[in-house]
$ cat target07.pdb   # PDB, C-alpha atoms
ATOM      1  CA  MET M   1       6.915  26.948 -42.400  1.00  0.00           C
ATOM      2  CA  GLU M   2       4.847  26.301 -39.269  1.00  0.00           C
ATOM      3  CA  LYS M   3       7.918  24.834 -37.553  1.00  0.00           C
ATOM      4  CA  THR M   4       9.951  27.902 -38.482  1.00  0.00           C
ATOM      5  CA  LEU M   5       7.321  30.313 -37.160  1.00  0.00           C
ATOM      6  CA  LYS M   6       7.177  28.380 -33.886  1.00  0.00           C
ATOM      7  CA  GLN M   7      10.983  28.391 -33.549  1.00  0.00           C
ATOM      8  CA  PHE M   8      11.196  32.049 -34.579  1.00  0.00           C
ATOM      9  CA  SER M   9       8.553  33.006 -32.020  1.00  0.00           C
ATOM     10  CA  HIS M  10      10.345  31.045 -29.292  1.00  0.00           C
ATOM     11  CA  VAL M  11      13.689  32.747 -29.986  1.00  0.00           C
ATOM     12  CA  VAL M  12      12.137  36.188 -30.326  1.00  0.00           C
ATOM     13  CA  GLY M  13      10.198  35.608 -27.108  1.00  0.00           C
ATOM     14  CA  HIS M  14      13.485  35.117 -25.255  1.00  0.00           C
ATOM     15  CA  CYS M  15      14.937  38.241 -26.914  1.00  0.00           C
ATOM     16  CA  ARG M  16      11.834  40.259 -26.021  1.00  0.00           C
ATOM     17  CA  ASP M  17      11.909  39.100 -22.405  1.00  0.00           C
ATOM     18  CA  LEU M  18      15.514  40.261 -22.062  1.00  0.00           C
ATOM     19  CA  PHE M  19      14.779  43.514 -23.937  1.00  0.00           C
ATOM     20  CA  VAL M  20      11.850  44.422 -21.672  1.00  0.00           C
ATOM     21  CA  LYS M  21      13.678  43.444 -18.467  1.00  0.00           C
ATOM     22  CA  LYS M  22      16.646  45.609 -19.449  1.00  0.00           C
ATOM     23  CA  ALA M  23      14.250  48.477 -20.179  1.00  0.00           C
ATOM     24  CA  ALA M  24      12.847  48.036 -16.674  1.00  0.00           C
ATOM     25  CA  ASP M  25      16.383  47.971 -15.182  1.00  0.00           C
ATOM     26  CA  TYR M  26      18.011  50.743 -17.210  1.00  0.00           C
ATOM     27  CA  GLY M  27      15.138  52.708 -18.685  1.00  0.00           C
ATOM     28  CA  THR M  28      15.745  53.804 -22.245  1.00  0.00           C
ATOM     29  CA  ALA M  29      19.278  55.132 -21.770  1.00  0.00           C
ATOM     30  CA  TRP M  30      19.990  53.653 -25.224  1.00  0.00           C
ATOM     31  CA  ARG M  31      17.874  56.455 -26.730  1.00  0.00           C
ATOM     32  CA  ILE M  32      20.891  58.753 -26.317  1.00  0.00           C
ATOM     33  CA  LEU M  33      22.810  56.689 -28.900  1.00  0.00           C
ATOM     34  CA  ARG M  34      23.136  58.004 -32.407  1.00  0.00           C
ATOM     35  CA  PRO M  35      22.375  55.446 -35.128  1.00  0.00           C
ATOM     36  CA  SER M  36      26.090  55.110 -35.952  1.00  0.00           C
ATOM     37  CA  SER M  37      26.832  54.168 -32.330  1.00  0.00           C
ATOM     38  CA  ILE M  38      24.223  51.403 -32.439  1.00  0.00           C
ATOM     39  CA  THR M  39      25.744  50.182 -35.698  1.00  0.00           C
ATOM     40  CA  ASP M  40      29.186  50.107 -34.107  1.00  0.00           C
ATOM     41  CA  GLN M  41      27.836  48.117 -31.148  1.00  0.00           C
ATOM     42  CA  LEU M  42      26.304  45.616 -33.568  1.00  0.00           C
ATOM     43  CA  TYR M  43      29.573  45.443 -35.489  1.00  0.00           C
ATOM     44  CA  ILE M  44      31.565  44.695 -32.327  1.00  0.00           C
ATOM     45  CA  LYS M  45      29.170  41.874 -31.386  1.00  0.00           C
ATOM     46  CA  ALA M  46      29.324  40.339 -34.863  1.00  0.00           C
ATOM     47  CA  LEU M  47      33.121  40.605 -34.962  1.00  0.00           C
ATOM     48  CA  ARG M  48      33.332  38.829 -31.592  1.00  0.00           C
ATOM     49  CA  ILE M  49      31.158  35.991 -32.912  1.00  0.00           C
ATOM     50  CA  ARG M  50      33.370  35.651 -35.975  1.00  0.00           C
ATOM     51  CA  SER M  51      36.528  35.745 -33.839  1.00  0.00           C
ATOM     52  CA  ILE M  52      35.238  32.916 -31.635  1.00  0.00           C
ATOM     53  CA  GLU M  53      34.125  30.915 -34.687  1.00  0.00           C
ATOM     54  CA  GLU M  54      37.586  31.233 -36.229  1.00  0.00           C
ATOM     55  CA  LYS M  55      39.565  30.587 -33.031  1.00  0.00           C
ATOM     56  CA  GLY M  56      37.300  27.801 -31.831  1.00  0.00           C
ATOM     57  CA  ALA M  57      37.645  29.097 -28.262  1.00  0.00           C
ATOM     58  CA  GLN M  58      36.727  32.072 -26.134  1.00  0.00           C
ATOM     59  CA  LYS M  59      38.039  33.676 -22.965  1.00  0.00           C
ATOM     60  CA  VAL M  60      35.021  35.825 -22.046  1.00  0.00           C
ATOM     61  CA  LYS M  61      32.051  33.957 -20.607  1.00  0.00           C
ATOM     62  CA  ASP M  62      29.282  35.461 -22.803  1.00  0.00           C
ATOM     63  CA  SER M  63      28.222  32.814 -25.308  1.00  0.00           C
ATOM     64  CA  ILE M  64      27.806  33.153 -29.054  1.00  0.00           C
ATOM     65  CA  ALA M  65      24.073  32.686 -28.524  1.00  0.00           C
ATOM     66  CA  GLU M  66      24.037  35.677 -26.158  1.00  0.00           C
ATOM     67  CA  GLU M  67      25.800  37.748 -28.810  1.00  0.00           C
ATOM     68  CA  PHE M  68      23.248  36.744 -31.468  1.00  0.00           C
ATOM     69  CA  THR M  69      20.510  37.716 -28.996  1.00  0.00           C
ATOM     70  CA  GLY M  70      22.271  41.065 -28.625  1.00  0.00           C
ATOM     71  CA  LEU M  71      22.283  41.450 -32.410  1.00  0.00           C
ATOM     72  CA  VAL M  72      18.514  40.957 -32.481  1.00  0.00           C
ATOM     73  CA  ASN M  73      17.881  43.408 -29.663  1.00  0.00           C
ATOM     74  CA  TYR M  74      20.296  46.109 -30.823  1.00  0.00           C
ATOM     75  CA  SER M  75      18.828  45.875 -34.326  1.00  0.00           C
ATOM     76  CA  VAL M  76      15.375  46.442 -32.838  1.00  0.00           C
ATOM     77  CA  LEU M  77      16.824  49.439 -30.960  1.00  0.00           C
ATOM     78  CA  ALA M  78      18.121  50.788 -34.252  1.00  0.00           C
ATOM     79  CA  LEU M  79      14.736  50.343 -35.933  1.00  0.00           C
ATOM     80  CA  ILE M  80      12.993  52.086 -33.041  1.00  0.00           C
ATOM     81  CA  GLN M  81      15.457  54.978 -33.188  1.00  0.00           C
ATOM     82  CA  LEU M  82      14.971  55.321 -36.955  1.00  0.00           C
ATOM     83  CA  ALA M  83      11.183  55.352 -36.637  1.00  0.00           C
ATOM     84  CA  LEU M  84      10.762  57.732 -33.696  1.00  0.00           C
ATOM     85  CA  PRO M  85      10.384  61.443 -34.402  1.00  0.00           C
ATOM     86  CA  ALA M  86      13.369  63.592 -33.394  1.00  0.00           C
ATOM     87  CA  ASP M  87      11.387  65.281 -30.621  1.00  0.00           C
ATOM     88  CA  THR M  88      10.490  62.013 -28.856  1.00  0.00           C
ATOM     89  CA  PRO M  89      11.560  62.120 -25.204  1.00  0.00           C
ATOM     90  CA  LEU M  90      14.619  60.078 -24.270  1.00  0.00           C
ATOM     91  CA  GLU M  91      12.779  58.170 -21.569  1.00  0.00           C
ATOM     92  CA  LEU M  92      10.021  55.846 -22.746  1.00  0.00           C
ATOM     93  CA  ALA M  93       7.793  53.747 -20.515  1.00  0.00           C
ATOM     94  CA  THR M  94       8.623  50.041 -20.388  1.00  0.00           C
ATOM     95  CA  LEU M  95       5.173  49.209 -21.738  1.00  0.00           C
ATOM     96  CA  GLU M  96       5.772  51.522 -24.731  1.00  0.00           C
ATOM     97  CA  VAL M  97       9.173  49.890 -25.365  1.00  0.00           C
ATOM     98  CA  ALA M  98       7.547  46.436 -25.329  1.00  0.00           C
ATOM     99  CA  LYS M  99       4.902  47.653 -27.787  1.00  0.00           C
ATOM    100  CA  LEU M 100       7.558  49.080 -30.136  1.00  0.00           C
ATOM    101  CA  PHE M 101       9.560  45.840 -29.929  1.00  0.00           C
ATOM    102  CA  ASP M 102       6.441  43.848 -30.859  1.00  0.00           C
ATOM    103  CA  GLN M 103       5.646  46.150 -33.799  1.00  0.00           C
ATOM    104  CA  HIS M 104       9.110  45.789 -35.295  1.00  0.00           C
ATOM    105  CA  ILE M 105       9.295  42.048 -34.735  1.00  0.00           C
ATOM    106  CA  GLY M 106       5.832  41.722 -36.271  1.00  0.00           C
ATOM    107  CA  GLU M 107       7.174  43.366 -39.409  1.00  0.00           C
ATOM    108  CA  ASN M 108      10.121  40.968 -39.365  1.00  0.00           C
ATOM    109  CA  ILE M 109       7.759  37.996 -39.152  1.00  0.00           C
ATOM    110  CA  ARG M 110       5.946  39.256 -42.259  1.00  0.00           C
ATOM    111  CA  LEU M 111       9.328  39.597 -43.998  1.00  0.00           C
ATOM    112  CA  LEU M 112      10.306  36.091 -42.873  1.00  0.00           C
ATOM    113  CA  GLN M 113       7.119  34.618 -44.288  1.00  0.00           C
ATOM    114  CA  ALA M 114       7.587  36.323 -47.653  1.00  0.00           C
ATOM    115  CA  LYS M 115      11.243  35.360 -47.981  1.00  0.00           C
ATOM    116  CA  ASN M 116      10.696  31.800 -46.790  1.00  0.00           C
ATOM    117  CA  HIS M 117       7.993  31.450 -49.427  1.00  0.00           C
ATOM    118  CA  ASP M 118      10.379  32.537 -52.171  1.00  0.00           C
ATOM    119  CA  TYR M 119      13.556  30.866 -50.875  1.00  0.00           C
ATOM    120  CA  ASP M 120      12.038  27.681 -49.422  1.00  0.00           C
ATOM    121  CA  GLU M 121      13.871  28.109 -46.115  1.00  0.00           C
ATOM    122  CA  ALA M 122      17.299  28.049 -47.737  1.00  0.00           C
ATOM    123  CA  TRP M 123      18.699  29.444 -44.482  1.00  0.00           C
ATOM    124  CA  ARG M 124      18.370  25.947 -42.977  1.00  0.00           C
ATOM    125  CA  LEU M 125      21.108  24.812 -45.389  1.00  0.00           C
ATOM    126  CA  MET M 126      23.486  27.575 -44.327  1.00  0.00           C
ATOM    127  CA  ARG M 127      26.293  27.370 -41.825  1.00  0.00           C
ATOM    128  CA  VAL M 128      26.010  29.613 -38.770  1.00  0.00           C
ATOM    129  CA  SER M 129      29.388  31.070 -39.768  1.00  0.00           C
ATOM    130  CA  SER M 130      27.886  32.145 -43.110  1.00  0.00           C
ATOM    131  CA  MET M 131      25.085  33.894 -41.248  1.00  0.00           C
ATOM    132  CA  THR M 132      27.737  35.700 -39.204  1.00  0.00           C
ATOM    133  CA  ASP M 133      29.463  36.814 -42.401  1.00  0.00           C
ATOM    134  CA  LEU M 134      26.193  38.012 -43.931  1.00  0.00           C
ATOM    135  CA  ILE M 135      25.449  40.010 -40.777  1.00  0.00           C
ATOM    136  CA  LEU M 136      28.900  41.593 -41.013  1.00  0.00           C
ATOM    137  CA  GLN M 137      28.271  42.402 -44.674  1.00  0.00           C
ATOM    138  CA  LYS M 138      24.949  44.046 -43.779  1.00  0.00           C
ATOM    139  CA  LEU M 139      26.718  46.083 -41.090  1.00  0.00           C
ATOM    140  CA  LEU M 140      29.365  47.275 -43.539  1.00  0.00           C
ATOM    141  CA  ARG M 141      26.556  48.307 -45.878  1.00  0.00           C
ATOM    142  CA  ILE M 142      24.827  50.161 -43.044  1.00  0.00           C
ATOM    143  CA  LYS M 143      28.065  51.946 -42.162  1.00  0.00           C
ATOM    144  CA  GLN M 144      28.448  53.034 -45.794  1.00  0.00           C
ATOM    145  CA  ILE M 145      24.840  54.256 -45.952  1.00  0.00           C
ATOM    146  CA  GLU M 146      25.369  56.181 -42.702  1.00  0.00           C
ATOM    147  CA  ASP M 147      28.560  57.689 -44.122  1.00  0.00           C
ATOM    148  CA  ASN M 148      26.485  58.749 -47.151  1.00  0.00           C
ATOM    149  CA  SER M 149      23.997  60.550 -44.859  1.00  0.00           C
ATOM    150  CA  GLY M 150      21.426  57.781 -45.326  1.00  0.00           C
ATOM    151  CA  GLN M 151      21.288  58.182 -49.088  1.00  0.00           C
ATOM    152  CA  THR M 152      21.273  55.274 -51.550  1.00  0.00           C
ATOM    153  CA  ILE M 153      20.892  55.271 -55.309  1.00  0.00           C
ATOM    154  CA  VAL M 154      19.467  51.800 -55.990  1.00  0.00           C
ATOM    155  CA  SER M 155      20.109  49.852 -52.795  1.00  0.00           C
ATOM    156  CA  GLU M 156      17.915  48.965 -49.846  1.00  0.00           C
ATOM    157  CA  GLY M 157      18.123  51.423 -47.009  1.00  0.00           C
ATOM    158  CA  LEU M 158      18.953  51.125 -43.342  1.00  0.00           C
ATOM    159  CA  GLU M 159      15.687  49.527 -42.246  1.00  0.00           C
ATOM    160  CA  ALA M 160      15.934  46.602 -44.666  1.00  0.00           C
ATOM    161  CA  ASN M 161      19.487  45.862 -43.578  1.00  0.00           C
ATOM    162  CA  TYR M 162      18.603  45.936 -39.861  1.00  0.00           C
ATOM    163  CA  ARG M 163      15.656  43.623 -40.562  1.00  0.00           C
ATOM    164  CA  ASP M 164      17.928  41.177 -42.373  1.00  0.00           C
ATOM    165  CA  ILE M 165      20.321  41.219 -39.396  1.00  0.00           C
ATOM    166  CA  ILE M 166      17.440  40.346 -37.074  1.00  0.00           C
ATOM    167  CA  ASN M 167      16.365  37.440 -39.249  1.00  0.00           C
ATOM    168  CA  TYR M 168      19.883  36.057 -39.733  1.00  0.00           C
ATOM    169  CA  ALA M 169      20.568  36.327 -35.990  1.00  0.00           C
ATOM    170  CA  VAL M 170      17.312  34.517 -35.168  1.00  0.00           C
ATOM    171  CA  PHE M 171      18.113  31.848 -37.767  1.00  0.00           C
ATOM    172  CA  ALA M 172      21.552  31.402 -36.188  1.00  0.00           C
ATOM    173  CA  LEU M 173      19.967  31.022 -32.747  1.00  0.00           C
ATOM    174  CA  ILE M 174      17.564  28.399 -34.129  1.00  0.00           C
ATOM    175  CA  ARG M 175      20.440  26.508 -35.757  1.00  0.00           C
ATOM    176  CA  LEU M 176      22.560  26.693 -32.578  1.00  0.00           C
ATOM    177  CA  ASP M 177      19.617  25.377 -30.555  1.00  0.00           C
ATOM    178  CA  GLU M 178      19.084  22.502 -33.009  1.00  0.00           C
ATOM    179  CA  ASN M 179      22.771  21.573 -32.792  1.00  0.00           C
ATOM    180  CA  ASP M 180      22.773  21.369 -28.980  1.00  0.00           C
TER
END
$ encode --input "target07.pdb" --output "structure tokens"
Amino acid sequence: MEKTLKQFSHVVGHCRDLFVKKAADYGTAWRILRPSSITDQLYIKALRIRSIEEKGAQKVKDSIAEEFTGLVNYSVLALIQLALPADTPLELATLEVAKLFDQHIGENIRLLQAKNHDYDEAWRLMRVSSMTDLILQKLLRIKQIEDNSGQTIVSEGLEANYRDIINYAVFALIRLDEND
């Protein structure tokens, strides 16, 4: 588990660095996005990963690893949007964005520790392509929940699904790094 936490922290550190630098470059223009638009952006990224996995080649320079990084960061955006009150200003200070990123990733680390305890790091036995498929499944679930105005009867809600996407994307990045 210690190895996983170290790898997770390394990957998330790279994601955070990019997240904060983009906030410094662009501000929080992403705050204008409705949750469904963030979900669609995530869906496009995951579909591109799957397309490259199936074709075995790509024509656009952005790597699969960059797309998984995007999945982490857009999922954090979604969690921030879900948690902020409706009257929160669109523009947030970069320092505040970094703090929000850290809070949400901290919650994901707690989730990782609990699930790794129960599942004994089963994710290490999975193919990256299976992680891609599970991310796509989570996104289809999110889309359905959004279409149902956020209501579920017995299922996990939006937050749990975004958190799972973060963890699967980080796991994929760890696996890709180990295979290099």
$ resolve_selection --input "target07.pdb" --expression "the PyMOL selection byres ((chain M and resi 46-52) around 9)" --output "PyMOL selection string"
chain M and resi 41-45+53-58+63-65+67-68+71+129+132-133+135-136+139
$ write_last_selection --input "target07.pdb" --atoms "C-alpha atoms" --output "PDB file, keeping the file's coordinate frame"
ATOM      1  CA  GLN M  41      27.836  48.117 -31.148  1.00  0.00           C
ATOM      2  CA  LEU M  42      26.304  45.616 -33.568  1.00  0.00           C
ATOM      3  CA  TYR M  43      29.573  45.443 -35.489  1.00  0.00           C
ATOM      4  CA  ILE M  44      31.565  44.695 -32.327  1.00  0.00           C
ATOM      5  CA  LYS M  45      29.170  41.874 -31.386  1.00  0.00           C
ATOM      6  CA  GLU M  53      34.125  30.915 -34.687  1.00  0.00           C
ATOM      7  CA  GLU M  54      37.586  31.233 -36.229  1.00  0.00           C
ATOM      8  CA  LYS M  55      39.565  30.587 -33.031  1.00  0.00           C
ATOM      9  CA  GLY M  56      37.300  27.801 -31.831  1.00  0.00           C
ATOM     10  CA  ALA M  57      37.645  29.097 -28.262  1.00  0.00           C
ATOM     11  CA  GLN M  58      36.727  32.072 -26.134  1.00  0.00           C
ATOM     12  CA  SER M  63      28.222  32.814 -25.308  1.00  0.00           C
ATOM     13  CA  ILE M  64      27.806  33.153 -29.054  1.00  0.00           C
ATOM     14  CA  ALA M  65      24.073  32.686 -28.524  1.00  0.00           C
ATOM     15  CA  GLU M  67      25.800  37.748 -28.810  1.00  0.00           C
ATOM     16  CA  PHE M  68      23.248  36.744 -31.468  1.00  0.00           C
ATOM     17  CA  LEU M  71      22.283  41.450 -32.410  1.00  0.00           C
ATOM     18  CA  SER M 129      29.388  31.070 -39.768  1.00  0.00           C
ATOM     19  CA  THR M 132      27.737  35.700 -39.204  1.00  0.00           C
ATOM     20  CA  ASP M 133      29.463  36.814 -42.401  1.00  0.00           C
ATOM     21  CA  ILE M 135      25.449  40.010 -40.777  1.00  0.00           C
ATOM     22  CA  LEU M 136      28.900  41.593 -41.013  1.00  0.00           C
ATOM     23  CA  LEU M 139      26.718  46.083 -41.090  1.00  0.00           C
TER      24      LEU M 139
END
$ atom_distance --input "target07.pdb" --atom1 "atom CA of M:Thr69" --atom2 "atom CA of M:Val11"
8.5 Å
$ atom_distance --input "target07.pdb" --atom1 "atom CA of M:Asn167" --atom2 "atom CA of M:Ile105"
9.6 Å
$ resolve_selection --input "target07.pdb" --expression "the PyMOL selection byres ((chain M and resi 160) around 12)" --output "PDB file with C-alpha atoms, in the coordinates of the input"
ATOM      1  CA  SER M  75      18.828  45.875 -34.326  1.00  0.00           C
ATOM      2  CA  VAL M  76      15.375  46.442 -32.838  1.00  0.00           C
ATOM      3  CA  ALA M  78      18.121  50.788 -34.252  1.00  0.00           C
ATOM      4  CA  LEU M  79      14.736  50.343 -35.933  1.00  0.00           C
ATOM      5  CA  LEU M  82      14.971  55.321 -36.955  1.00  0.00           C
ATOM      6  CA  HIS M 104       9.110  45.789 -35.295  1.00  0.00           C
ATOM      7  CA  GLU M 107       7.174  43.366 -39.409  1.00  0.00           C
ATOM      8  CA  ASN M 108      10.121  40.968 -39.365  1.00  0.00           C
ATOM      9  CA  LEU M 111       9.328  39.597 -43.998  1.00  0.00           C
ATOM     10  CA  LYS M 138      24.949  44.046 -43.779  1.00  0.00           C
ATOM     11  CA  LEU M 139      26.718  46.083 -41.090  1.00  0.00           C
ATOM     12  CA  ARG M 141      26.556  48.307 -45.878  1.00  0.00           C
ATOM     13  CA  ILE M 142      24.827  50.161 -43.044  1.00  0.00           C
ATOM     14  CA  ILE M 145      24.840  54.256 -45.952  1.00  0.00           C
ATOM     15  CA  SER M 155      20.109  49.852 -52.795  1.00  0.00           C
ATOM     16  CA  GLU M 156      17.915  48.965 -49.846  1.00  0.00           C
ATOM     17  CA  GLY M 157      18.123  51.423 -47.009  1.00  0.00           C
ATOM     18  CA  LEU M 158      18.953  51.125 -43.342  1.00  0.00           C
ATOM     19  CA  GLU M 159      15.687  49.527 -42.246  1.00  0.00           C
ATOM     20  CA  ASN M 161      19.487  45.862 -43.578  1.00  0.00           C
ATOM     21  CA  TYR M 162      18.603  45.936 -39.861  1.00  0.00           C
ATOM     22  CA  ARG M 163      15.656  43.623 -40.562  1.00  0.00           C
ATOM     23  CA  ASP M 164      17.928  41.177 -42.373  1.00  0.00           C
ATOM     24  CA  ILE M 165      20.321  41.219 -39.396  1.00  0.00           C
ATOM     25  CA  ILE M 166      17.440  40.346 -37.074  1.00  0.00           C
ATOM     26  CA  ASN M 167      16.365  37.440 -39.249  1.00  0.00           C
TER      27      ASN M 167
END
$ resolve_selection --input "target07.pdb" --expression "the PyMOL selection byres ((chain M and resi 174-177) around 12)" --output "JSON, numbers by chain"
{"M": [3, 4, 5, 6, 7, 8, 9, 10, 11, 12, 14, 63, 64, 65, 66, 68, 69, 123, 124, 125, 126, 127, 128, 129, 130, 131, 167, 168, 169, 170, 171, 172, 173, 178, 179, 180]}
$ atom_distance --input "target07.pdb" --atom1 "atom CA of M:Thr28" --atom2 "atom CA of M:Glu91"
5.3 Å
$ closest_residue --input "target07.pdb" --among "M:Thr39, M:Lys22, M:Ile80, M:Cys15" --to "M:Gln144" --atoms "only C-alpha atoms"
M:Thr39
$ axis_aligned_box --input "target07.pdb" --around "stretch 4-12 of chain M" --padding-each-side "6 Å" --output "JSON"
{"center_x": 10.4, "center_y": 32.0, "center_z": -33.9, "size_x": 18.5, "size_y": 20.3, "size_z": 21.2}
$ closest_residue --input "target07.pdb" --among "M:Thr94, M:Asn116, M:Ser149, M:Gln137" --to "M:Asp17" --atoms "only C-alpha atoms"
M:Thr94
$ closest_residue --input "target07.pdb" --among "M:Asn73, M:Gln113, M:Thr152, M:Gln81" --to "M:Phe19" --atoms "only C-alpha atoms"
M:Asn73
$ closest_residue --input "target07.pdb" --among "M:Glu2, M:Glu146, M:Asp102, M:Asp118" --to "M:Asp40" --atoms "all atoms listed in the file"
M:Glu146
